[in-house]
Amino acid sequence: MLVVYYVGRATRIVRIFWLPRPYRATFGASGIHSQEESMLKTKLLHPEILQALGSSGHGAQMLIADGNYPFSTGAPPGARRVYLNLAKDMLGAVDVLKVLAESVMVEKATVMLPADGEVPEIFQEFADVLGAGITFTRLKRFEFYDEAKADSTCLVIATGESRRFANILLTIGVVK
């Protein structure tokens, strides 16, 4: 098999080697296809999210934000921002949480509590996805903003979630 790397505008042949038959790629009308079903064995396929998670460690935080969250000012400048908010309610916070919860260990979760103290129903949906073993911290709006602006926040995902207070800040845990 010929392995070719593209570096900028230059093309380099790096190595020529043979792989056993089950691992060889086949060439079809639309390009190279693996004989395996999929290279990644997780539901998470988004390259920017994978890169952000791959470059962070335990203790790092990731924010799944609703459509009302101030993405530009509500997170540290160094946090990667991923915009999945194509249309209202097209991709909600719970949808994103389900995929992330299967991809990383979550140590704890922090949610934004409304000023009136009433618990939004989405909090129960978050708890159902994460399970009983996850500790939830409830912070008032500006306390939540301060926590999300911490340097440990490495990823902010903007969703199309239209429900208010549907923001959840997840702390990445240790792999067990």
# chains A, B, ... in the order shown; residues from 1 in each chain; ligands from 1
$ select_by_dssp --residues "segment 37-150 of chain A" --states "strand (DSSP E or B)" --output "PyMOL selection string"
chain A and resi 61-65+80-83+106-113+135-140
$ closest_atom_pairs --of "segment 62-97 of chain A" --to "segment 168-175 of chain A" --cutoff "9 Å" --atoms "only C-alpha atoms" --output "Markdown table"
| residue | atom | partner | partner_atom | distance |
| --- | --- | --- | --- | --- |
| A:Met62 | CA | A:Leu170 | CA | 5.3 |
| A:Leu63 | CA | A:Leu169 | CA | 4.4 |
| A:Ile64 | CA | A:Ile168 | CA | 5.4 |
| A:Ala65 | CA | A:Ile168 | CA | 6.6 |
| A:Asp66 | CA | A:Ile168 | CA | 8.8 |
| A:Ala93 | CA | A:Ile168 | CA | 8.2 |
| A:Leu97 | CA | A:Ile168 | CA | 8.7 |
$ atom_distance --atom1 "atom CA of Ser56 of chain A" --atom2 "atom CA of Arg80 of chain A"
11.0 Å
$ atom_distance --atom1 "atom CA of Met90 of chain A" --atom2 "atom CA of Glu125 of chain A"
17.1 Å
$ atom_distance --atom1 "atom CA of Met105 of chain A" --atom2 "atom CA of Gly117 of chain A"
28.9 Å
$ closest_residue --among "A:Leu155, A:Lys149, A:Leu139, A:Pro70" --to "Val119 of chain A" --atoms "only C-alpha atoms"
A:Leu139
$ residues_around --residues "Ser103 of chain A" --least-positions-apart "4" --cutoff "9 Å" --atoms "only C-alpha atoms" --output "list in words"
Thr42, Lys43, Leu44, Lys98 and Val99 of chain A
$ write_last_selection --atoms "N, CA and C atoms" --output "PDB file, in the first residue's frame"
ATOM      1  N   THR A  42     -17.208   5.173  17.766  1.00  0.00           N
ATOM      2  CA  THR A  42     -18.013   6.020  18.628  1.00  0.00           C
ATOM      3  C   THR A  42     -19.011   6.789  17.773  1.00  0.00           C
ATOM      4  N   LYS A  43     -20.072   7.262  18.383  1.00  0.00           N
ATOM      5  CA  LYS A  43     -21.045   8.055  17.637  1.00  0.00           C
ATOM      6  C   LYS A  43     -20.499   9.435  17.293  1.00  0.00           C
ATOM      7  N   LEU A  44     -19.557   9.908  18.106  1.00  0.00           N
ATOM      8  CA  LEU A  44     -18.988  11.239  17.903  1.00  0.00           C
ATOM      9  C   LEU A  44     -18.058  11.235  16.701  1.00  0.00           C
ATOM     10  N   LYS A  98     -26.000  13.485  24.847  1.00  0.00           N
ATOM     11  CA  LYS A  98     -26.036  12.023  24.688  1.00  0.00           C
ATOM     12  C   LYS A  98     -24.773  11.514  23.986  1.00  0.00           C
ATOM     13  N   VAL A  99     -24.355  12.200  22.948  1.00  0.00           N
ATOM     14  CA  VAL A  99     -23.170  11.766  22.200  1.00  0.00           C
ATOM     15  C   VAL A  99     -21.899  11.991  23.018  1.00  0.00           C
TER      16      VAL A  99
END
$ closest_residue --among "A:Leu91, A:Ala109, A:Ile122, A:Ile49" --to "Arg163 of chain A" --atoms "only C-alpha atoms"
A:Ile122
$ select_by_dssp --residues "segment 20-142 of chain A" --states "alpha helix (DSSP H)" --output "PyMOL selection string"
chain A and resi 47-54+93-103+122-130+141-142
$ closest_residue --among "A:Lys88, A:His58, A:Lys140, A:Arg81" --to "Phe165 of chain A" --atoms "only C-alpha atoms"
A:Lys140
